[in-house]
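Below: work05.cif (mmCIF, C-alpha atoms)
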data_model
#
loop_
_atom_site.group_PDB
_atom_site.id
_atom_site.type_symbol
_atom_site.label_atom_id
_atom_site.label_comp_id
_atom_site.auth_asym_id
_atom_site.auth_seq_id
_atom_site.Cartn_x
_atom_site.Cartn_y
_atom_site.Cartn_z
ATOM 1 C CA MET A 4 0.011 -12.705 22.301
ATOM 2 C CA GLY A 5 -0.861 -9.007 22.403
ATOM 3 C CA THR A 6 2.332 -8.242 24.296
ATOM 4 C CA ALA A 7 4.403 -10.283 21.841
ATOM 5 C CA LEU A 8 2.868 -8.436 18.892
ATOM 6 C CA GLY A 9 3.462 -5.098 20.589
ATOM 7 C CA ASP A 10 7.144 -5.960 20.975
ATOM 8 C CA VAL A 11 7.595 -6.437 17.224
ATOM 9 C CA LEU A 12 5.301 -3.743 15.803
ATOM 10 C CA GLY A 13 8.138 -1.215 15.519
ATOM 11 C CA LEU A 14 10.287 -3.788 13.744
ATOM 12 C CA ALA A 15 7.439 -4.566 11.339
ATOM 13 C CA ALA A 16 7.025 -0.873 10.539
ATOM 14 C CA GLY A 17 10.748 -0.649 9.845
ATOM 15 C CA VAL A 18 10.516 -3.499 7.338
ATOM 16 C CA ALA A 19 7.424 -1.987 5.693
ATOM 17 C CA ILE A 20 9.246 1.289 4.999
ATOM 18 C CA SER A 21 11.606 -0.160 2.407
ATOM 19 C CA PRO A 22 12.057 2.185 -0.585
ATOM 20 C CA LEU A 23 13.735 -0.267 -2.980
ATOM 21 C CA PRO A 24 11.040 -2.986 -2.764
ATOM 22 C CA ILE A 25 8.367 -0.290 -3.107
ATOM 23 C CA ILE A 26 10.094 1.068 -6.224
ATOM 24 C CA ALA A 27 10.476 -2.489 -7.545
ATOM 25 C CA ILE A 28 6.801 -3.378 -7.227
ATOM 26 C CA ILE A 29 5.734 -0.099 -8.813
ATOM 27 C CA ILE A 30 8.000 -0.838 -11.795
ATOM 28 C CA ILE A 31 6.608 -4.378 -11.977
ATOM 29 C CA LEU A 32 3.019 -3.125 -11.883
ATOM 30 C CA GLY A 33 3.785 -0.860 -14.840
ATOM 31 C CA THR A 34 4.826 -3.781 -17.077
ATOM 32 C CA PRO A 35 2.435 -5.599 -19.475
ATOM 33 C CA SER A 36 2.151 -8.500 -17.013
ATOM 34 C CA GLY A 37 1.985 -6.146 -14.044
ATOM 35 C CA ARG A 38 -1.033 -7.699 -12.323
ATOM 36 C CA ALA A 39 0.273 -11.284 -12.334
ATOM 37 C CA ASN A 40 3.907 -10.352 -11.659
ATOM 38 C CA GLY A 41 2.909 -7.931 -8.906
ATOM 39 C CA LEU A 42 1.081 -10.744 -7.134
ATOM 40 C CA LEU A 43 4.063 -13.084 -7.615
ATOM 41 C CA PHE A 44 6.526 -10.503 -6.292
ATOM 42 C CA THR A 45 4.375 -9.895 -3.217
ATOM 43 C CA LEU A 46 3.989 -13.647 -2.664
ATOM 44 C CA GLY A 47 7.766 -14.057 -2.783
ATOM 45 C CA TRP A 48 8.158 -11.209 -0.291
ATOM 46 C CA LEU A 49 5.622 -12.763 2.109
ATOM 47 C CA VAL A 50 7.216 -16.215 1.844
ATOM 48 C CA GLY A 51 10.713 -14.815 2.424
ATOM 49 C CA LEU A 52 9.745 -12.897 5.553
ATOM 50 C CA PHE A 53 7.685 -15.718 7.026
ATOM 51 C CA ALA A 54 10.344 -18.347 6.316
ATOM 52 C CA LEU A 55 13.073 -16.264 7.970
ATOM 53 C CA GLY A 56 10.910 -15.615 11.010
ATOM 54 C CA ALA A 57 9.909 -19.285 11.176
ATOM 55 C CA VAL A 58 13.570 -20.314 11.278
ATOM 56 C CA MET A 59 13.997 -18.178 14.391
ATOM 57 C CA LEU A 60 10.904 -19.748 15.969
ATOM 58 C CA ALA A 61 12.379 -23.187 15.319
ATOM 59 C CA ILE A 62 15.814 -22.212 16.671
ATOM 60 C CA GLY A 63 14.305 -20.697 19.797
ATOM 61 C CA GLY A 64 12.209 -23.732 20.577
ATOM 62 C CA PRO A 65 9.498 -23.803 23.233
ATOM 63 C CA ALA A 66 9.936 -20.768 25.497
ATOM 64 C CA ALA A 67 13.692 -20.657 24.640
ATOM 65 C CA GLY A 68 14.658 -20.545 28.298
ATOM 66 C CA SER A 69 12.707 -17.370 28.986
ATOM 67 C CA THR A 70 10.478 -16.599 31.920
ATOM 68 C CA PRO A 71 7.210 -14.646 31.903
ATOM 69 C CA SER A 72 9.004 -11.608 33.320
ATOM 70 C CA LYS A 73 12.359 -11.758 31.495
ATOM 71 C CA PRO A 74 13.330 -12.800 27.932
ATOM 72 C CA ALA A 75 16.158 -15.277 27.495
ATOM 73 C CA ALA A 76 19.715 -13.916 27.557
ATOM 74 C CA TRP A 77 20.368 -15.118 23.988
ATOM 75 C CA VAL A 78 17.646 -12.773 22.751
ATOM 76 C CA GLY A 79 19.430 -9.842 24.399
ATOM 77 C CA GLY A 80 22.753 -10.811 22.857
ATOM 78 C CA LEU A 81 21.201 -11.246 19.402
ATOM 79 C CA LYS A 82 19.425 -7.894 19.541
ATOM 80 C CA LEU A 83 22.587 -6.192 20.735
ATOM 81 C CA GLY A 84 24.588 -7.606 17.831
ATOM 82 C CA LEU A 85 21.904 -6.751 15.269
ATOM 83 C CA GLY A 86 21.639 -3.243 16.712
ATOM 84 C CA VAL A 87 25.373 -2.649 16.272
ATOM 85 C CA LEU A 88 25.135 -3.927 12.677
ATOM 86 C CA LEU A 89 22.240 -1.608 11.807
ATOM 87 C CA VAL A 90 23.882 1.460 13.347
ATOM 88 C CA LEU A 91 27.042 0.805 11.332
ATOM 89 C CA LEU A 92 25.010 0.319 8.157
ATOM 90 C CA GLY A 93 23.136 3.546 8.880
ATOM 91 C CA ALA A 94 26.383 5.484 9.185
ATOM 92 C CA ARG A 95 27.582 3.953 5.909
ATOM 93 C CA GLN A 96 24.359 4.870 4.118
ATOM 94 C CA TRP A 97 24.466 8.448 5.421
ATOM 95 C CA HIS A 98 28.044 8.854 4.261
ATOM 96 C CA ARG A 99 27.026 7.686 0.770
ATOM 97 C CA ARG A 100 23.909 9.849 0.429
ATOM 98 C CA PRO A 101 23.705 11.921 -2.780
ATOM 99 C CA PRO A 102 23.811 15.758 -2.782
ATOM 100 C CA ALA A 103 20.620 17.575 -1.793
ATOM 101 C CA GLY A 104 18.006 17.376 -4.545
ATOM 102 C CA ALA A 105 19.826 14.632 -6.463
ATOM 103 C CA GLU A 106 18.294 11.212 -7.033
ATOM 104 C CA ALA A 107 20.108 8.251 -5.511
ATOM 105 C CA ASP A 108 21.551 5.689 -7.907
ATOM 106 C CA LEU A 109 19.279 2.657 -8.147
ATOM 107 C CA PRO A 110 20.531 -0.920 -8.651
ATOM 108 C CA LYS A 111 21.145 -1.827 -12.289
ATOM 109 C CA TRP A 112 18.816 -4.829 -12.090
ATOM 110 C CA MET A 113 15.848 -2.474 -11.777
ATOM 111 C CA SER A 114 16.190 -1.467 -15.420
ATOM 112 C CA ALA A 115 15.728 -5.116 -16.410
ATOM 113 C CA ILE A 116 12.665 -5.915 -14.290
ATOM 114 C CA ASP A 117 10.320 -5.659 -17.278
ATOM 115 C CA ARG A 118 12.203 -8.596 -18.844
ATOM 116 C CA PHE A 119 12.125 -10.828 -15.746
ATOM 117 C CA SER A 120 10.379 -14.188 -16.035
ATOM 118 C CA PRO A 121 7.647 -15.006 -13.465
ATOM 119 C CA ALA A 122 10.126 -17.249 -11.621
ATOM 120 C CA LYS A 123 12.662 -14.407 -11.387
ATOM 121 C CA VAL A 124 9.972 -12.008 -10.155
ATOM 122 C CA LEU A 125 9.005 -14.490 -7.438
ATOM 123 C CA GLY A 126 12.656 -14.997 -6.481
ATOM 124 C CA LEU A 127 13.254 -11.239 -6.417
ATOM 125 C CA GLY A 128 10.487 -10.875 -3.839
ATOM 126 C CA VAL A 129 12.109 -13.535 -1.651
ATOM 127 C CA VAL A 130 15.569 -11.963 -1.939
ATOM 128 C CA LEU A 131 14.420 -8.407 -1.203
ATOM 129 C CA SER A 132 12.641 -9.574 1.951
ATOM 130 C CA ALA A 133 14.816 -12.325 3.439
ATOM 131 C CA ALA A 134 18.253 -11.263 2.142
ATOM 132 C CA ASN A 135 17.909 -7.491 2.546
ATOM 133 C CA LEU A 136 20.495 -5.812 4.810
ATOM 134 C CA LYS A 137 17.752 -4.005 6.735
ATOM 135 C CA ASN A 138 14.834 -6.397 6.571
ATOM 136 C CA ALA A 139 16.707 -9.586 7.458
ATOM 137 C CA PRO A 140 18.088 -8.318 10.820
ATOM 138 C CA LEU A 141 14.714 -6.840 11.754
ATOM 139 C CA THR A 142 12.856 -10.044 10.876
ATOM 140 C CA ILE A 143 15.421 -12.139 12.755
ATOM 141 C CA ALA A 144 15.015 -9.870 15.792
ATOM 142 C CA ALA A 145 11.227 -10.134 15.563
ATOM 143 C CA GLY A 146 11.362 -13.925 15.268
ATOM 144 C CA ALA A 147 13.703 -14.096 18.246
ATOM 145 C CA SER A 148 11.415 -11.888 20.339
ATOM 146 C CA ILE A 149 8.377 -14.023 19.506
ATOM 147 C CA SER A 150 10.287 -17.267 20.082
ATOM 148 C CA ALA A 151 11.446 -16.137 23.520
ATOM 149 C CA THR A 152 7.898 -15.564 24.794
ATOM 150 C CA THR A 153 5.998 -18.185 26.762
ATOM 151 C CA ILE A 154 2.837 -18.080 24.635
ATOM 152 C CA PRO A 155 1.685 -21.361 22.987
ATOM 153 C CA PRO A 156 3.270 -22.359 19.648
ATOM 154 C CA GLY A 157 0.080 -21.632 17.707
ATOM 155 C CA GLN A 158 -0.004 -18.076 19.007
ATOM 156 C CA LYS A 159 3.664 -17.630 18.132
ATOM 157 C CA VAL A 160 2.936 -18.588 14.530
ATOM 158 C CA ALA A 161 -0.099 -16.287 14.461
ATOM 159 C CA THR A 162 1.993 -13.422 15.870
ATOM 160 C CA LEU A 163 4.646 -14.020 13.218
ATOM 161 C CA ALA A 164 1.946 -14.010 10.519
ATOM 162 C CA LEU A 165 0.629 -10.657 11.781
ATOM 163 C CA PHE A 166 4.196 -9.300 11.821
ATOM 164 C CA VAL A 167 4.643 -10.370 8.187
ATOM 165 C CA ILE A 168 1.380 -8.716 7.106
ATOM 166 C CA ILE A 169 2.252 -5.422 8.806
ATOM 167 C CA ALA A 170 5.811 -5.594 7.463
ATOM 168 C CA SER A 171 4.385 -6.047 3.948
ATOM 169 C CA LEU A 172 2.138 -2.975 3.894
ATOM 170 C CA GLY A 173 4.723 -1.099 1.828
ATOM 171 C CA LEU A 174 3.977 -3.551 -0.994
ATOM 172 C CA LEU A 175 0.360 -4.400 -0.240
ATOM 173 C CA VAL A 176 -0.761 -0.766 -0.449
ATOM 174 C CA PRO A 177 0.536 -0.036 -4.003
ATOM 175 C CA LEU A 178 -0.584 -3.514 -5.113
ATOM 176 C CA GLY A 179 -4.067 -2.879 -3.726
ATOM 177 C CA VAL A 180 -4.253 0.557 -5.351
ATOM 178 C CA PHE A 181 -3.296 -0.967 -8.709
ATOM 179 C CA LEU A 182 -5.746 -3.876 -8.427
ATOM 180 C CA ILE A 183 -8.587 -1.488 -7.580
ATOM 181 C CA MET A 184 -7.795 1.403 -9.917
ATOM 182 C CA GLY A 185 -6.017 -0.380 -12.760
ATOM 183 C CA GLU A 186 -4.407 1.881 -15.361
ATOM 184 C CA ARG A 187 -5.644 4.971 -13.522
ATOM 185 C CA ALA A 188 -3.244 4.181 -10.683
ATOM 186 C CA LYS A 189 -0.098 4.425 -12.805
ATOM 187 C CA ALA A 190 0.313 8.203 -12.485
ATOM 188 C CA MET A 191 -0.121 8.075 -8.699
ATOM 189 C CA LEU A 192 2.253 5.138 -8.350
ATOM 190 C CA GLY A 193 4.763 6.911 -10.586
ATOM 191 C CA ASN A 194 4.795 9.862 -8.171
ATOM 192 C CA TRP A 195 5.355 7.480 -5.257
ATOM 193 C CA ARG A 196 8.193 5.839 -7.162
ATOM 194 C CA GLY A 197 9.882 9.181 -7.866
ATOM 195 C CA TRP A 198 9.659 10.265 -4.227
ATOM 196 C CA ALA A 199 11.050 6.939 -2.975
ATOM 197 C CA ALA A 200 13.918 7.076 -5.482
ATOM 198 C CA ARG A 201 14.901 10.625 -4.504
ATOM 199 C CA HIS A 202 14.913 9.902 -0.781
ATOM 200 C CA ASN A 203 15.941 6.226 -0.771
ATOM 201 C CA THR A 204 19.423 6.653 0.741
ATOM 202 C CA ALA A 205 18.381 9.162 3.407
ATOM 203 C CA ILE A 206 15.366 7.084 4.444
ATOM 204 C CA MET A 207 17.472 3.955 4.737
ATOM 205 C CA ALA A 208 20.193 5.746 6.723
ATOM 206 C CA VAL A 209 17.695 7.120 9.244
ATOM 207 C CA LEU A 210 15.859 3.807 9.558
ATOM 208 C CA PHE A 211 19.104 1.891 10.055
ATOM 209 C CA ALA A 212 20.165 4.296 12.809
ATOM 210 C CA VAL A 213 16.825 4.535 14.634
ATOM 211 C CA LEU A 214 16.034 0.825 14.530
ATOM 212 C CA GLY A 215 19.647 -0.076 15.330
ATOM 213 C CA LEU A 216 19.572 2.108 18.438
ATOM 214 C CA LYS A 217 16.239 0.538 19.440
ATOM 215 C CA LEU A 218 17.686 -2.968 19.175
ATOM 216 C CA LEU A 219 20.798 -1.859 21.059
ATOM 217 C CA GLY A 220 18.634 -0.541 23.866
ATOM 218 C CA ASP A 221 16.455 -3.651 23.930
ATOM 219 C CA GLY A 222 19.487 -5.922 23.976
ATOM 220 C CA LEU A 223 21.233 -4.051 26.746
ATOM 221 C CA GLY A 224 18.007 -3.919 28.745
ATOM 222 C CA ILE A 225 17.637 -7.692 28.574
ATOM 223 C CA LEU A 226 21.283 -8.451 29.360
ATOM 224 C CA LEU A 227 21.524 -6.009 32.260
ATOM 225 C CA SER A 228 18.174 -6.811 33.871
#
As C-alpha coordinates - that is how I would like this structure written.
Amino acid sequence: MGTALGDVLGLAAGVAISPLPIIAIIIILGTPSGRANGLLFTLGWLVGLFALGAVMLAIGGPAAGSTPSKPAAWVGGLKLGLGVLLVLLGARQWHRRPPAGAEADLPKWMSAIDRFSPAKVLGLGVVLSAANLKNAPLTIAAGASISATTIPPGQKVATLALFVIIASLGLLVPLGVFLIMGERAKAMLGNWRGWAARHNTAIMAVLFAVLGLKLLGDGLGILLS
(Lines of atoms letter the chains of each structure in order from A and count residues from 1; the text may use other names and numbers.)
(Lines give C-alpha, C1' and ligand atoms only; values in the text may rest on other atoms or scores of the structure.)
Protein backbone atom coordinates (compact mmCIF):
# COMPACT_ATOMS: atom_id res chain seq x y z
CA MET A 1 0.00 0.00 0.00
CA GLY A 2 2.87 2.37 0.79
CA THR A 3 4.33 1.85 -2.67
CA ALA A 4 0.95 2.43 -4.31
CA LEU A 5 0.48 5.67 -2.37
CA GLY A 6 3.99 6.79 -3.27
CA ASP A 7 3.19 6.30 -6.95
CA VAL A 8 0.27 8.72 -6.81
CA LEU A 9 1.54 11.36 -4.37
CA GLY A 10 2.86 13.58 -7.17
CA LEU A 11 -0.46 13.32 -8.98
CA ALA A 12 -2.32 14.24 -5.78
CA ALA A 13 -0.12 17.30 -5.31
CA GLY A 14 -0.85 18.33 -8.88
CA VAL A 15 -4.59 18.17 -8.22
CA ALA A 16 -4.24 20.08 -4.94
CA ILE A 17 -2.53 23.01 -6.68
CA SER A 18 -5.61 24.13 -8.59
CA PRO A 19 -5.97 27.94 -8.62
CA LEU A 20 -9.57 28.17 -9.87
CA PRO A 21 -11.09 25.88 -7.20
CA ILE A 22 -9.04 27.70 -4.54
CA ILE A 23 -10.36 31.05 -5.79
CA ALA A 24 -13.89 29.61 -5.91
CA ILE A 25 -13.89 28.40 -2.32
CA ILE A 26 -12.44 31.68 -1.07
CA ILE A 27 -15.26 33.56 -2.84
CA ILE A 28 -17.80 31.13 -1.38
CA LEU A 29 -16.41 31.56 2.13
CA GLY A 30 -16.84 35.32 1.80
CA THR A 31 -20.59 35.04 1.16
CA PRO A 32 -23.26 35.29 3.92
CA SER A 33 -23.68 31.50 3.86
CA GLY A 34 -19.95 30.95 3.53
CA ARG A 35 -19.57 28.33 6.28
CA ALA A 36 -22.34 26.02 5.04
CA ASN A 37 -21.63 26.54 1.34
CA GLY A 38 -17.89 26.11 1.86
CA LEU A 39 -18.54 22.72 3.44
CA LEU A 40 -20.91 21.77 0.60
CA PHE A 41 -18.43 22.83 -2.07
CA THR A 42 -15.66 20.80 -0.43
CA LEU A 43 -17.98 17.80 -0.08
CA GLY A 44 -18.80 17.99 -3.78
CA TRP A 45 -15.09 18.17 -4.60
CA LEU A 46 -14.31 15.12 -2.44
CA VAL A 47 -17.19 13.11 -3.92
CA GLY A 48 -16.19 14.00 -7.48
CA LEU A 49 -12.56 12.96 -7.04
CA PHE A 50 -13.39 9.75 -5.19
CA ALA A 51 -16.09 8.74 -7.66
CA LEU A 52 -13.78 9.25 -10.65
CA GLY A 53 -11.00 7.27 -8.99
CA ALA A 54 -13.45 4.54 -7.97
CA VAL A 55 -14.56 4.14 -11.58
CA MET A 56 -10.95 3.39 -12.52
CA LEU A 57 -10.67 0.86 -9.68
CA ALA A 58 -13.79 -0.87 -10.98
CA ILE A 59 -12.57 -0.83 -14.60
CA GLY A 60 -9.18 -2.21 -13.61
CA GLY A 61 -10.63 -5.06 -11.61
CA PRO A 62 -8.57 -7.30 -9.34
CA ALA A 63 -4.88 -6.81 -10.17
CA ALA A 64 -5.82 -5.74 -13.75
CA GLY A 65 -3.38 -8.21 -15.27
CA SER A 66 -0.38 -6.73 -13.50
CA THR A 67 2.42 -8.55 -11.76
CA PRO A 68 4.22 -7.53 -8.56
CA SER A 69 7.18 -6.30 -10.60
CA LYS A 70 5.45 -4.74 -13.63
CA PRO A 71 2.17 -2.78 -14.02
CA ALA A 72 -0.26 -3.87 -16.71
CA ALA A 73 0.36 -2.62 -20.26
CA TRP A 74 -2.99 -0.80 -20.33
CA VAL A 75 -1.80 1.42 -17.49
CA GLY A 76 1.24 2.41 -19.55
CA GLY A 77 -0.89 3.20 -22.58
CA LEU A 78 -3.36 5.24 -20.51
CA LYS A 79 -0.61 7.26 -18.83
CA LEU A 80 1.07 7.88 -22.17
CA GLY A 81 -2.16 9.21 -23.67
CA LEU A 82 -2.95 11.38 -20.64
CA GLY A 83 0.61 12.71 -20.66
CA VAL A 84 0.32 13.81 -24.29
CA LEU A 85 -3.01 15.51 -23.48
CA LEU A 86 -1.57 17.43 -20.52
CA VAL A 87 1.52 18.58 -22.43
CA LEU A 88 -0.69 19.91 -25.23
CA LEU A 89 -2.95 21.66 -22.73
CA GLY A 90 0.11 23.16 -21.04
CA ALA A 91 1.35 24.59 -24.32
CA ARG A 92 -2.11 26.03 -24.98
CA GLN A 93 -2.27 27.63 -21.54
CA TRP A 94 1.20 29.15 -21.90
CA HIS A 95 0.30 30.62 -25.26
CA ARG A 96 -2.79 32.24 -23.70
CA ARG A 97 -1.08 33.65 -20.60
CA PRO A 98 -1.70 37.37 -19.94
CA PRO A 99 1.08 40.00 -20.10
CA ALA A 100 3.44 40.21 -17.13
CA GLY A 101 1.75 41.80 -14.12
CA ALA A 102 -1.76 41.49 -15.58
CA GLU A 103 -4.46 39.41 -13.93
CA ALA A 104 -5.80 36.47 -15.91
CA ASP A 105 -9.46 36.59 -16.93
CA LEU A 106 -11.56 34.46 -14.60
CA PRO A 107 -14.66 32.51 -15.70
CA LYS A 108 -17.84 34.58 -15.73
CA TRP A 109 -19.63 32.14 -13.42
CA MET A 110 -17.35 33.23 -10.57
CA SER A 111 -19.11 36.58 -10.36
CA ALA A 112 -22.39 34.75 -9.70
CA ILE A 113 -21.19 32.37 -6.98
CA ASP A 114 -22.74 34.46 -4.21
CA ARG A 115 -26.16 33.77 -5.78
CA PHE A 116 -25.69 30.00 -6.15
CA SER A 117 -28.13 27.74 -4.33
CA PRO A 118 -26.68 25.04 -2.01
CA ALA A 119 -27.36 22.43 -4.71
CA LYS A 120 -25.42 24.46 -7.29
CA VAL A 121 -22.53 24.94 -4.86
CA LEU A 122 -22.40 21.18 -4.29
CA GLY A 123 -22.55 20.51 -8.03
CA LEU A 124 -19.83 23.10 -8.69
CA GLY A 125 -17.51 21.20 -6.36
CA VAL A 126 -18.16 17.97 -8.26
CA VAL A 127 -17.61 19.60 -11.66
CA LEU A 128 -14.39 21.38 -10.69
CA SER A 129 -12.91 18.13 -9.40
CA ALA A 130 -14.16 15.39 -11.73
CA ALA A 131 -14.66 17.40 -14.95
CA ASN A 132 -11.60 19.66 -14.73
CA LEU A 133 -9.15 19.43 -17.66
CA LYS A 134 -6.21 19.00 -15.27
CA ASN A 135 -7.73 17.18 -12.33
CA ALA A 136 -9.68 14.55 -14.26
CA PRO A 137 -6.65 13.13 -16.16
CA LEU A 138 -4.54 13.12 -13.00
CA THR A 139 -7.26 11.38 -10.98
CA ILE A 140 -7.82 8.85 -13.77
CA ALA A 141 -4.07 8.17 -13.87
CA ALA A 142 -3.97 7.77 -10.09
CA GLY A 143 -6.95 5.40 -10.11
CA ALA A 144 -5.34 3.37 -12.88
CA SER A 145 -2.06 3.13 -10.98
CA ILE A 146 -3.82 1.97 -7.81
CA SER A 147 -6.02 -0.47 -9.74
CA ALA A 148 -3.01 -2.07 -11.43
CA THR A 149 -1.32 -2.96 -8.13
CA THR A 150 -1.69 -6.36 -6.51
CA ILE A 151 -2.68 -5.08 -3.07
CA PRO A 152 -6.05 -6.25 -1.62
CA PRO A 153 -9.21 -4.35 -2.66
CA GLY A 154 -9.62 -2.78 0.78
CA GLN A 155 -6.14 -1.29 0.61
CA LYS A 156 -6.83 0.01 -2.89
CA VAL A 157 -9.87 1.89 -1.60
CA ALA A 158 -7.89 3.20 1.37
CA THR A 159 -5.09 4.36 -0.96
CA LEU A 160 -7.62 6.13 -3.16
CA ALA A 161 -9.12 7.82 -0.08
CA LEU A 162 -5.67 9.06 0.98
CA PHE A 163 -5.07 10.33 -2.58
CA VAL A 164 -8.35 12.26 -2.44
CA ILE A 165 -7.49 13.85 0.92
CA ILE A 166 -4.05 14.96 -0.25
CA ALA A 167 -5.49 16.17 -3.56
CA SER A 168 -8.02 18.26 -1.60
CA LEU A 169 -5.56 20.17 0.58
CA GLY A 170 -5.88 23.21 -1.69
CA LEU A 171 -9.49 23.49 -0.48
CA LEU A 172 -9.18 22.00 2.99
CA VAL A 173 -6.54 24.52 4.07
CA PRO A 174 -8.55 27.72 3.33
CA LEU A 175 -11.71 26.03 4.66
CA GLY A 176 -9.90 25.11 7.88
CA VAL A 177 -8.47 28.62 8.26
CA PHE A 178 -11.96 30.10 7.85
CA LEU A 179 -13.60 27.65 10.27
CA ILE A 180 -10.96 28.39 12.91
CA MET A 181 -10.52 32.13 12.44
CA GLY A 182 -13.94 33.15 11.15
CA GLU A 183 -14.23 36.74 9.93
CA ARG A 184 -10.60 37.40 10.82
CA ALA A 185 -9.54 35.05 8.02
CA LYS A 186 -11.16 37.07 5.24
CA ALA A 187 -8.23 39.46 4.72
CA MET A 188 -5.72 36.60 4.57
CA LEU A 189 -7.91 34.58 2.22
CA GLY A 190 -8.41 37.66 0.05
CA ASN A 191 -4.64 37.93 -0.40
CA TRP A 192 -4.48 34.26 -1.36
CA ARG A 193 -7.29 34.80 -3.85
CA GLY A 194 -5.52 37.77 -5.46
CA TRP A 195 -2.25 35.86 -5.82
CA ALA A 196 -3.99 32.82 -7.33
CA ALA A 197 -5.92 35.01 -9.78
CA ARG A 198 -2.79 36.83 -10.96
CA HIS A 199 -0.81 33.65 -11.53
CA ASN A 200 -3.60 31.23 -12.49
CA THR A 201 -2.67 30.79 -16.17
CA ALA A 202 1.07 30.47 -15.59
CA ILE A 203 0.61 27.99 -12.74
CA MET A 204 -1.72 25.86 -14.81
CA ALA A 205 0.61 25.92 -17.83
CA VAL A 206 3.60 24.79 -15.78
CA LEU A 207 1.61 22.11 -13.96
CA PHE A 208 0.17 20.77 -17.21
CA ALA A 209 3.65 20.53 -18.72
CA VAL A 210 5.45 19.04 -15.70
CA LEU A 211 2.76 16.49 -14.85
CA GLY A 212 2.23 15.67 -18.53
CA LEU A 213 5.92 14.91 -18.97
CA LYS A 214 5.84 12.77 -15.80
CA LEU A 215 2.94 10.71 -17.13
CA LEU A 216 4.65 10.43 -20.52
CA GLY A 217 7.76 9.08 -18.83
CA ASP A 218 5.79 6.68 -16.64
CA GLY A 219 3.81 5.41 -19.61
CA LEU A 220 6.84 4.86 -21.79
CA GLY A 221 8.66 3.18 -18.91
CA ILE A 222 5.83 0.69 -18.46
CA LEU A 223 5.38 -0.03 -22.17
CA LEU A 224 9.09 -0.43 -22.89
CA SER A 225 9.98 -2.48 -19.82
Between A:Ala151, A:Val78, A:Leu85, A:Met59, which residue has the minimum interatomic distance to Leu136 in chain A, considering only C-alpha atoms?
A:Leu85
The PyMOL selection byres ((chain A and resi 161) around 12) - which residues does that actually catch in the file I just gave you? List them as a PyMOL selection string.
chain A and resi 4-5+7-8+53+56-57+60+146+149-150+154-160+162-168
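Nearest-residue note for Leu32 in chain A: choosing from A:Val11, A:Leu127, A:Ala16, A:Leu174, the minimum distance belongs to A:Leu174, counting only C-alpha atoms.
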If the PyMOL selection byres ((chain A and resi 113) around 12) were run on this exact file, what residues would it hold? Put them as a short mmCIF file (atom, residue, chain, number, x, y, z; two decimals) with C-alpha atoms, in the frame of the given file.
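Result went into selection_2.cif, see below:
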data_model
loop_
_atom_site.label_atom_id
_atom_site.label_comp_id
_atom_site.auth_asym_id
_atom_site.auth_seq_id
_atom_site.Cartn_x
_atom_site.Cartn_y
_atom_site.Cartn_z
CA LEU A 23 13.74 -0.27 -2.98
CA PRO A 24 11.04 -2.99 -2.76
CA ILE A 25 8.37 -0.29 -3.11
CA ILE A 26 10.09 1.07 -6.22
CA ALA A 27 10.48 -2.49 -7.54
CA ILE A 28 6.80 -3.38 -7.23
CA ILE A 29 5.73 -0.10 -8.81
CA ILE A 30 8.00 -0.84 -11.80
CA ILE A 31 6.61 -4.38 -11.98
CA ASP A 108 21.55 5.69 -7.91
CA LEU A 109 19.28 2.66 -8.15
CA PRO A 110 20.53 -0.92 -8.65
CA LYS A 111 21.14 -1.83 -12.29
CA TRP A 112 18.82 -4.83 -12.09
CA SER A 114 16.19 -1.47 -15.42
CA ALA A 115 15.73 -5.12 -16.41
CA ILE A 116 12.66 -5.92 -14.29
CA ASP A 117 10.32 -5.66 -17.28
CA ARG A 118 12.20 -8.60 -18.84
CA PHE A 119 12.12 -10.83 -15.75
CA VAL A 124 9.97 -12.01 -10.15
CA LEU A 127 13.25 -11.24 -6.42
CA ALA A 200 13.92 7.08 -5.48
#
Ranking A:Ala122, A:Met184, A:Leu83, A:Leu42 by minimum distance to Leu141 in chain A and counting only C-alpha atoms, which one comes first?
A:Leu83
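Evaluated against this file, the PyMOL selection byres ((chain A and resi 13) around 12) yields A:Ala7, A:Leu8, A:Gly9, A:Asp10, A:Val11, A:Leu12, A:Leu14, A:Ala15, A:Ala16, A:Gly17, A:Val18, A:Ala19, A:Ile20, A:Leu141, A:Thr142, A:Ala144, A:Ala145, A:Phe166, A:Ile169, A:Ala170, A:Leu210, A:Val213, A:Leu214, A:Gly215, A:Lys217, A:Leu218.
Atom pair CA of Ala212 in chain A / CA of Val176 in chain A: separated by 25.3 Å.
What separates CA of Pro35 in chain A from CA of Ser21 in chain A is a distance of 24.3 Å.
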Which one is closest to Leu178 in chain A: A:Thr152, A:Leu192, A:Val50, A:Ala147? Count all atoms listed in the file.
A:Leu192
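Counting only C-alpha atoms, range 87-100 of chain A has the following residues at most 7 Å away, ignoring those fewer than 5 positions along the same chain: A:Thr204, A:Ala205, A:Met207, A:Ala208, A:Val209, A:Phe211, A:Ala212, A:Gly215, A:Leu216, A:Leu219.
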Please compute the CA of Leu227 in chain A-CA of Gly79 in chain A distance, one decimal, in Å.
9.0 Å
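Among the candidates A:Leu182, A:Ile225, A:Ser148, A:Pro121, the one nearest to Thr6 in chain A when counting all atoms listed in the file is A:Ser148.
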